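With mmCIF, C-alpha atoms inside, this is entry-v4.cif:
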data_query
loop_
_atom_site.group_PDB
_atom_site.id
_atom_site.type_symbol
_atom_site.label_atom_id
_atom_site.label_comp_id
_atom_site.auth_asym_id
_atom_site.auth_seq_id
_atom_site.Cartn_x
_atom_site.Cartn_y
_atom_site.Cartn_z
ATOM 1 C CA MET L 1405 129.191 176.625 107.465
ATOM 2 C CA PRO L 1406 126.119 174.943 106.041
ATOM 3 C CA THR L 1407 126.173 171.205 106.394
ATOM 4 C CA LEU L 1408 124.580 168.953 103.811
ATOM 5 C CA GLY L 1409 122.149 166.609 105.489
ATOM 6 C CA ASN L 1410 119.942 163.742 104.415
ATOM 7 C CA HIS L 1411 118.799 163.527 100.860
ATOM 8 C CA ASP L 1412 117.022 161.335 98.358
ATOM 9 C CA ASP L 1413 116.243 161.701 94.701
ATOM 10 C CA GLY L 1414 113.031 160.640 93.049
ATOM 11 C CA VAL L 1415 111.644 160.411 89.549
ATOM 12 C CA ILE L 1416 108.083 160.708 88.301
ATOM 13 C CA THR L 1417 107.500 158.871 85.045
ATOM 14 C CA GLY L 1418 105.013 159.876 82.397
ATOM 15 C CA GLY L 1419 106.470 163.115 81.124
ATOM 16 C CA VAL L 1420 103.312 165.220 81.224
ATOM 17 C CA GLU L 1421 102.700 165.435 84.933
ATOM 18 C CA LEU L 1422 100.864 168.515 86.124
ATOM 19 C CA ASP L 1423 102.584 168.413 89.471
ATOM 20 C CA LEU L 1424 105.596 167.088 91.331
ATOM 21 C CA THR L 1425 105.401 165.762 94.871
ATOM 22 C CA ILE L 1426 108.508 165.787 97.047
ATOM 23 C CA PRO L 1427 108.254 163.953 100.380
ATOM 24 C CA LEU L 1428 110.360 165.990 102.794
ATOM 25 C CA THR L 1429 111.199 165.523 106.448
ATOM 26 C CA ILE L 1430 111.744 168.740 108.371
ATOM 27 C CA GLY L 1431 114.033 168.258 111.329
ATOM 28 C CA ALA L 1432 114.341 170.160 114.560
ATOM 29 C CA GLY L 1433 116.312 173.358 114.700
ATOM 30 C CA SER L 1434 115.766 177.030 115.246
ATOM 31 C CA ASN L 1435 115.001 179.619 112.604
ATOM 32 C CA ARG L 1436 113.982 177.147 109.913
ATOM 33 C CA LEU L 1437 113.320 178.082 106.309
ATOM 34 C CA LEU L 1438 112.023 175.901 103.475
ATOM 35 C CA VAL L 1439 113.235 176.819 100.000
ATOM 36 C CA VAL L 1440 111.938 175.254 96.776
ATOM 37 C CA ALA L 1441 113.620 175.878 93.416
ATOM 38 C CA THR L 1442 111.799 174.831 90.253
ATOM 39 C CA SER L 1443 112.512 174.910 86.557
ATOM 40 C CA TRP L 1444 110.303 173.784 83.712
ATOM 41 C CA TYR L 1445 109.776 173.927 79.979
ATOM 42 C CA VAL L 1446 106.389 175.280 78.968
ATOM 43 C CA GLY L 1447 104.911 178.553 77.749
ATOM 44 C CA SER L 1448 105.612 181.820 79.495
ATOM 45 C CA SER L 1449 101.956 182.165 80.479
ATOM 46 C CA THR L 1450 102.137 179.100 82.706
ATOM 47 C CA THR L 1451 101.503 179.714 86.370
ATOM 48 C CA VAL L 1452 103.052 177.701 89.181
ATOM 49 C CA GLY L 1453 101.998 176.984 92.726
ATOM 50 C CA VAL L 1454 104.028 175.456 95.548
ATOM 51 C CA THR L 1455 102.668 174.065 98.799
ATOM 52 C CA TYR L 1456 104.136 172.286 101.813
ATOM 53 C CA ASP L 1457 101.765 170.118 103.813
ATOM 54 C CA GLY L 1458 98.945 171.903 102.010
ATOM 55 C CA THR L 1459 100.101 175.404 102.933
ATOM 56 C CA PRO L 1460 101.018 177.648 99.997
ATOM 57 C CA LEU L 1461 104.603 178.908 99.946
ATOM 58 C CA ASP L 1462 105.321 182.555 99.353
ATOM 59 C CA LEU L 1463 106.191 183.032 95.685
ATOM 60 C CA GLY L 1464 107.354 186.575 96.261
ATOM 61 C CA VAL L 1465 110.837 185.632 95.221
ATOM 62 C CA ARG L 1466 109.795 183.673 92.167
ATOM 63 C CA LEU L 1467 112.581 184.244 89.698
ATOM 64 C CA GLY L 1468 113.439 183.253 86.209
ATOM 65 C CA THR L 1469 112.610 184.235 82.709
ATOM 66 C CA MET T 1334 108.220 179.144 104.005
ATOM 67 C CA VAL T 1335 109.387 180.468 107.379
ATOM 68 C CA ASN T 1336 109.388 178.035 110.282
ATOM 69 C CA PRO T 1337 107.983 174.972 108.465
ATOM 70 C CA PRO T 1338 106.533 172.424 110.885
ATOM 71 C CA THR T 1339 108.807 169.525 111.837
ATOM 72 C CA GLY T 1340 107.909 166.073 110.576
ATOM 73 C CA THR T 1341 107.312 164.536 107.166
ATOM 74 C CA ALA T 1342 104.995 166.097 104.592
ATOM 75 C CA ASP T 1343 104.876 166.747 100.855
ATOM 76 C CA VAL T 1344 106.141 169.673 98.861
ATOM 77 C CA VAL T 1345 103.817 169.872 95.839
ATOM 78 C CA VAL T 1346 104.690 171.928 92.775
ATOM 79 C CA THR T 1347 101.747 172.446 90.409
ATOM 80 C CA TRP T 1348 101.803 174.003 86.961
ATOM 81 C CA SER T 1349 98.818 175.323 85.000
ATOM 82 C CA GLN T 1350 99.733 173.234 81.973
ATOM 83 C CA PRO T 1351 101.769 170.051 81.547
ATOM 84 C CA PRO T 1352 105.490 170.782 81.840
ATOM 85 C CA PHE T 1353 108.704 168.915 81.682
ATOM 86 C CA GLY T 1354 110.255 170.163 84.862
ATOM 87 C CA GLY T 1355 111.928 169.545 88.165
ATOM 88 C CA ALA T 1356 112.237 170.905 91.665
ATOM 89 C CA VAL T 1357 114.697 170.849 94.540
ATOM 90 C CA ALA T 1358 113.509 171.402 98.092
ATOM 91 C CA SER T 1359 115.994 172.403 100.773
ATOM 92 C CA GLU T 1360 115.431 173.059 104.445
ATOM 93 C CA TRP T 1361 117.692 175.358 106.418
ATOM 94 C CA THR T 1362 118.172 176.415 109.987
ATOM 95 C CA GLY T 1363 119.718 179.592 111.319
ATOM 96 C CA VAL T 1364 117.847 181.848 108.885
ATOM 97 C CA ASN T 1365 116.580 185.278 109.912
ATOM 98 C CA GLN T 1366 112.857 184.798 110.402
ATOM 99 C CA ALA T 1367 111.872 188.448 110.028
ATOM 100 C CA THR T 1368 113.785 189.000 106.794
ATOM 101 C CA PRO T 1369 114.688 185.556 105.465
ATOM 102 C CA ILE T 1370 115.462 186.601 101.886
ATOM 103 C CA GLY T 1371 117.979 189.231 100.841
ATOM 104 C CA ASP T 1372 119.211 190.038 97.365
ATOM 105 C CA THR T 1373 117.776 188.111 94.404
ATOM 106 C CA ASP T 1374 118.590 187.908 90.714
ATOM 107 C CA SER T 1375 117.962 185.783 87.646
ATOM 108 C CA ALA T 1376 119.427 185.075 84.229
ATOM 109 C CA ALA T 1377 117.661 183.910 81.091
ATOM 110 C CA GLU T 1378 118.490 180.710 79.254
ATOM 111 C CA GLY T 1379 121.933 180.994 77.737
ATOM 112 C CA SER T 1380 123.290 179.959 74.376
ATOM 113 C CA ALA T 1381 125.344 176.804 73.839
ATOM 114 C CA ASP T 1382 128.385 176.696 76.140
ATOM 115 C CA GLN T 1383 127.432 179.986 77.806
ATOM 116 C CA ILE T 1384 128.252 180.188 81.504
ATOM 117 C CA LEU T 1385 125.489 181.772 83.572
ATOM 118 C CA SER T 1386 126.681 183.817 86.535
ATOM 119 C CA LEU T 1387 124.932 185.971 89.135
ATOM 120 C CA THR T 1388 126.434 188.208 91.825
ATOM 121 C CA LEU T 1389 124.383 188.901 94.938
ATOM 122 C CA THR T 1390 124.889 191.399 97.737
ATOM 123 C CA THR T 1391 125.519 189.742 101.121
ATOM 124 C CA THR T 1392 126.861 190.241 104.580
ATOM 125 C CA SER T 1393 129.154 187.748 106.264
ATOM 126 C CA GLY T 1394 127.224 184.722 107.471
ATOM 127 C CA ASP T 1395 124.586 184.833 104.741
ATOM 128 C CA THR T 1396 124.187 182.014 102.222
ATOM 129 C CA GLY T 1397 123.472 182.252 98.514
ATOM 130 C CA VAL T 1398 121.215 179.600 96.973
ATOM 131 C CA SER T 1399 120.858 179.073 93.235
ATOM 132 C CA GLY T 1400 118.528 177.116 90.999
ATOM 133 C CA ILE T 1401 119.332 176.054 87.443
ATOM 134 C CA GLY T 1402 117.328 174.423 84.692
ATOM 135 C CA TYR T 1403 118.900 172.123 82.075
ATOM 136 C CA TRP T 1404 117.821 169.285 79.825
ATOM 137 C CA ASP T 1405 120.456 168.067 77.371
ATOM 138 C CA ASN T 1406 120.545 164.304 77.603
ATOM 139 C CA ASN T 1407 122.896 162.888 80.246
ATOM 140 C CA THR T 1408 124.646 166.202 80.817
ATOM 141 C CA ILE T 1409 125.098 168.063 84.079
ATOM 142 C CA PRO T 1410 126.354 171.648 84.317
ATOM 143 C CA THR T 1411 129.376 172.377 86.503
ATOM 144 C CA LYS T 1412 128.916 174.530 89.573
ATOM 145 C CA GLY T 1413 131.052 177.591 90.241
ATOM 146 C CA ALA T 1414 134.353 177.058 92.026
ATOM 147 C CA SER T 1415 133.085 178.494 95.306
ATOM 148 C CA ASP T 1416 129.636 176.887 95.121
ATOM 149 C CA ASN T 1417 128.461 173.664 96.749
ATOM 150 C CA VAL T 1418 126.052 171.345 94.972
ATOM 151 C CA ILE T 1419 122.735 170.648 96.677
ATOM 152 C CA ASP T 1420 121.613 168.447 93.827
ATOM 153 C CA THR T 1421 122.201 168.020 90.102
ATOM 154 C CA PRO T 1422 119.918 165.310 88.689
ATOM 155 C CA THR T 1423 120.911 163.741 85.374
ATOM 156 C CA PRO T 1424 118.405 164.431 82.577
ATOM 157 C CA VAL T 1425 117.428 161.456 80.455
ATOM 158 C CA ASN T 1426 115.171 161.438 77.397
ATOM 159 C CA GLU T 1427 115.683 165.218 77.136
ATOM 160 C CA GLU T 1428 113.648 165.807 80.280
ATOM 161 C CA VAL T 1429 113.952 169.182 81.966
ATOM 162 C CA VAL T 1430 115.462 168.993 85.433
ATOM 163 C CA CYS T 1431 116.324 171.487 88.145
ATOM 164 C CA GLY T 1432 119.640 171.662 89.966
ATOM 165 C CA SER T 1433 120.590 173.751 92.965
ATOM 166 C CA SER T 1434 123.690 174.971 94.777
ATOM 167 C CA TYR T 1435 124.684 177.129 97.714
ATOM 168 C CA GLN T 1436 127.604 179.309 98.739
ATOM 169 C CA ASN T 1437 128.531 180.700 102.125
ATOM 170 C CA ALA T 1438 129.175 184.421 102.183
ATOM 171 C CA SER T 1439 132.243 185.768 103.942
ATOM 172 C CA GLY T 1440 132.007 189.297 102.604
ATOM 173 C CA ALA T 1441 129.898 191.789 100.709
ATOM 174 C CA SER T 1442 128.889 189.525 97.828
ATOM 175 C CA VAL T 1443 128.749 186.033 96.415
ATOM 176 C CA THR T 1444 129.054 185.140 92.742
ATOM 177 C CA MET T 1445 127.358 181.902 91.769
ATOM 178 C CA SER T 1446 127.584 180.233 88.361
ATOM 179 C CA TRP T 1447 126.753 177.203 86.243
ATOM 180 C CA ASP T 1448 128.885 176.068 83.289
ATOM 181 C CA PRO T 1449 127.071 173.826 80.794
ATOM 182 C CA SER T 1450 128.602 170.668 79.414
ATOM 183 C CA ALA T 1451 130.246 171.000 76.006
ATOM 184 C CA GLY T 1452 127.680 172.092 73.458
ATOM 185 C CA ALA T 1453 124.858 172.157 75.993
ATOM 186 C CA VAL T 1454 122.622 174.951 77.248
ATOM 187 C CA THR T 1455 121.624 175.905 80.769
ATOM 188 C CA GLY T 1456 119.057 178.273 82.153
ATOM 189 C CA PRO T 1457 117.188 180.043 83.348
ATOM 190 C CA MET T 1458 119.240 180.527 86.503
ATOM 191 C CA THR T 1459 117.906 181.982 89.710
ATOM 192 C CA ALA T 1460 119.663 182.979 92.916
ATOM 193 C CA MET T 1461 118.794 184.482 96.253
ATOM 194 C CA VAL T 1462 120.435 185.246 99.584
ATOM 195 C CA LEU T 1463 119.301 183.600 102.814
ATOM 196 C CA LYS T 1464 119.908 186.057 105.634
ATOM 197 C CA ASP T 1465 121.745 184.732 108.663
ATOM 198 C CA ALA T 1466 119.774 184.767 111.898
ATOM 199 C CA ALA T 1467 122.717 186.474 113.566
ATOM 200 C CA ALA T 1468 124.609 188.436 110.943
ATOM 201 C CA GLY T 1469 128.333 188.141 111.187
ATOM 202 C CA GLY T 1470 128.565 184.768 112.865
ATOM 203 C CA GLY T 1471 125.264 183.268 113.869
ATOM 204 C CA PRO T 1472 124.337 179.600 114.154
ATOM 205 C CA ALA T 1473 125.330 177.373 111.278
ATOM 206 C CA MET T 1474 122.767 176.688 108.620
ATOM 207 C CA ASN T 1475 121.932 173.077 107.994
ATOM 208 C CA LEU T 1476 119.853 171.603 105.269
ATOM 209 C CA VAL T 1477 118.057 168.521 104.189
ATOM 210 C CA TYR T 1478 116.663 168.181 100.761
ATOM 211 C CA ARG T 1479 115.004 166.025 98.237
ATOM 212 C CA SER T 1480 114.735 166.592 94.528
ATOM 213 C CA ILE T 1481 112.391 165.192 91.965
ATOM 214 C CA HIS T 1482 111.759 165.681 88.288
ATOM 215 C CA THR T 1483 109.563 164.560 85.465
ATOM 216 C CA ALA T 1484 110.804 161.809 83.196
#
Could you quickly redo this structure as structure tokens?
Amino acid sequence: MPTLGNHDDGVITGGVELDLTIPLTIGAGSNRLLVVATSWYVGSSTTVGVTYDGTPLDLGVRLGT
Amino acid sequence: MVNPPTGTADVVVTWSQPPFGGAVASEWTGVNQATPIGDTDSAAEGSADQILSLTLTTTSGDTGVSGIGYWDNNTIPTKGASDNVIDTPTPVNEEVVCGSSYQNASGASVTMSWDPSAGAVTGPMTAMVLKDAAAGGGPAMNLVYRSIHTA
């Protein structure tokens, strides 16, 4: 059974940010996977990029409409 | 990202034009590294009071993870009965936020859903299956997460 671990919430003020930054601490453990879910309100032509520690994440499972 | 390095670093989400948006980052262990993602699906933004629901193909030991967008002021959608909330930030000033949930699979499928507050709208909804490193009873998945959103 998955166990919920540490968490914190954060808020960026300003309303028109071009990016969000989430400080995240990856703990030890085998077979790790980082998952990022995003949702936003802008035009359908908008592109999105996600990185962790500067390394782009695979967007092959980008979903949504 | 498979096998992210241990330690503290930033997840950065960048859009090509200014959005109102949010993100939830979760970190799991016990995920199949060769084929980490199984079935996926998505649902468009619903109408007022419309429940969004997605059913994904699984095997026992997998975990479904969903993402949901919503924005109506001070409202939070309700997760499905079998789902577990990872995070559901409260939108203020009509900001768009992102919530997330997960569900452990004990059989051939999981159905995940989000029910908006009265009169509110949710969506789009996304969902995917994390494949267990040892299908049918491998090591437990654990997660840590942080969420953040524009205001």
TODO: Would you mind listing what lies within 12 Å of region 1435-1445 of chain T as a ChimeraX atom specification, with all atoms listed in the file counted and same-chain residues fewer than 5 positions away left out?
DONE: /L:1405-1408,1439,1441 /T:1359,1361,1371-1376,1384-1401,1411-1420,1458-1465,1468-1470,1473-1476
TODO: Between CA of Val1452 (chain L) and CA of Asp1382 (chain T), measure the distance and give it in Å to one decimal.
DONE: 28.5 Å
Please expand the PyMOL selection byres ((chain L and resi 1431) around 8) into the concrete residues it hits in this file, giving the result as a PDB file with C-alpha atoms, keeping the file's coordinate frame.
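Listed below is the output, expr26.pdb:
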ATOM      1  CA  THR L1429     111.199 165.523 106.448  1.00  0.00           C
ATOM      2  CA  ILE L1430     111.744 168.740 108.371  1.00  0.00           C
ATOM      3  CA  ALA L1432     114.341 170.160 114.560  1.00  0.00           C
ATOM      4  CA  GLY L1433     116.312 173.358 114.700  1.00  0.00           C
TER       5      GLY L1433
ATOM      6  CA  THR T1339     108.807 169.525 111.837  1.00  0.00           C
ATOM      7  CA  GLY T1340     107.909 166.073 110.576  1.00  0.00           C
TER       8      GLY T1340
END
Task: Between CA of Gly1453 (chain L) and CA of Val1335 (chain T), distance in Å (one decimal) - done: 16.8 Å
Task: Picked residues, the PyMOL selection byres ((chain T and resi 1452) around 7), as an NGL selection string - done: :T and (1381-1382 or 1450-1451 or 1453-1454)
- [ ] One decimal, Å: what's the distance from CA of Arg1436 (chain L) over to CA of Pro1460 (chain L), could you say?
- [x] 16.3 Å
Taking every listed atom of region 1371-1376 of chain T and adding 4 Å to each side, what centre and edge lengths in Å (one decimal) does the axis-aligned box have, as lines of an AutoDock Vina configuration file?
center_x = 118.6
center_y = 187.6
center_z = 92.5
size_x = 9.7
size_y = 13.0
size_z = 24.6
- [ ] Select, from T:Pro1410, T:Thr1368, T:Glu1427, T:Pro1457, the residue with the minimum atom-to-atom distance to chain L, counting only C-alpha atoms.
- [x]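 For chain L, the nearest of the given residues is T:Pro1457.
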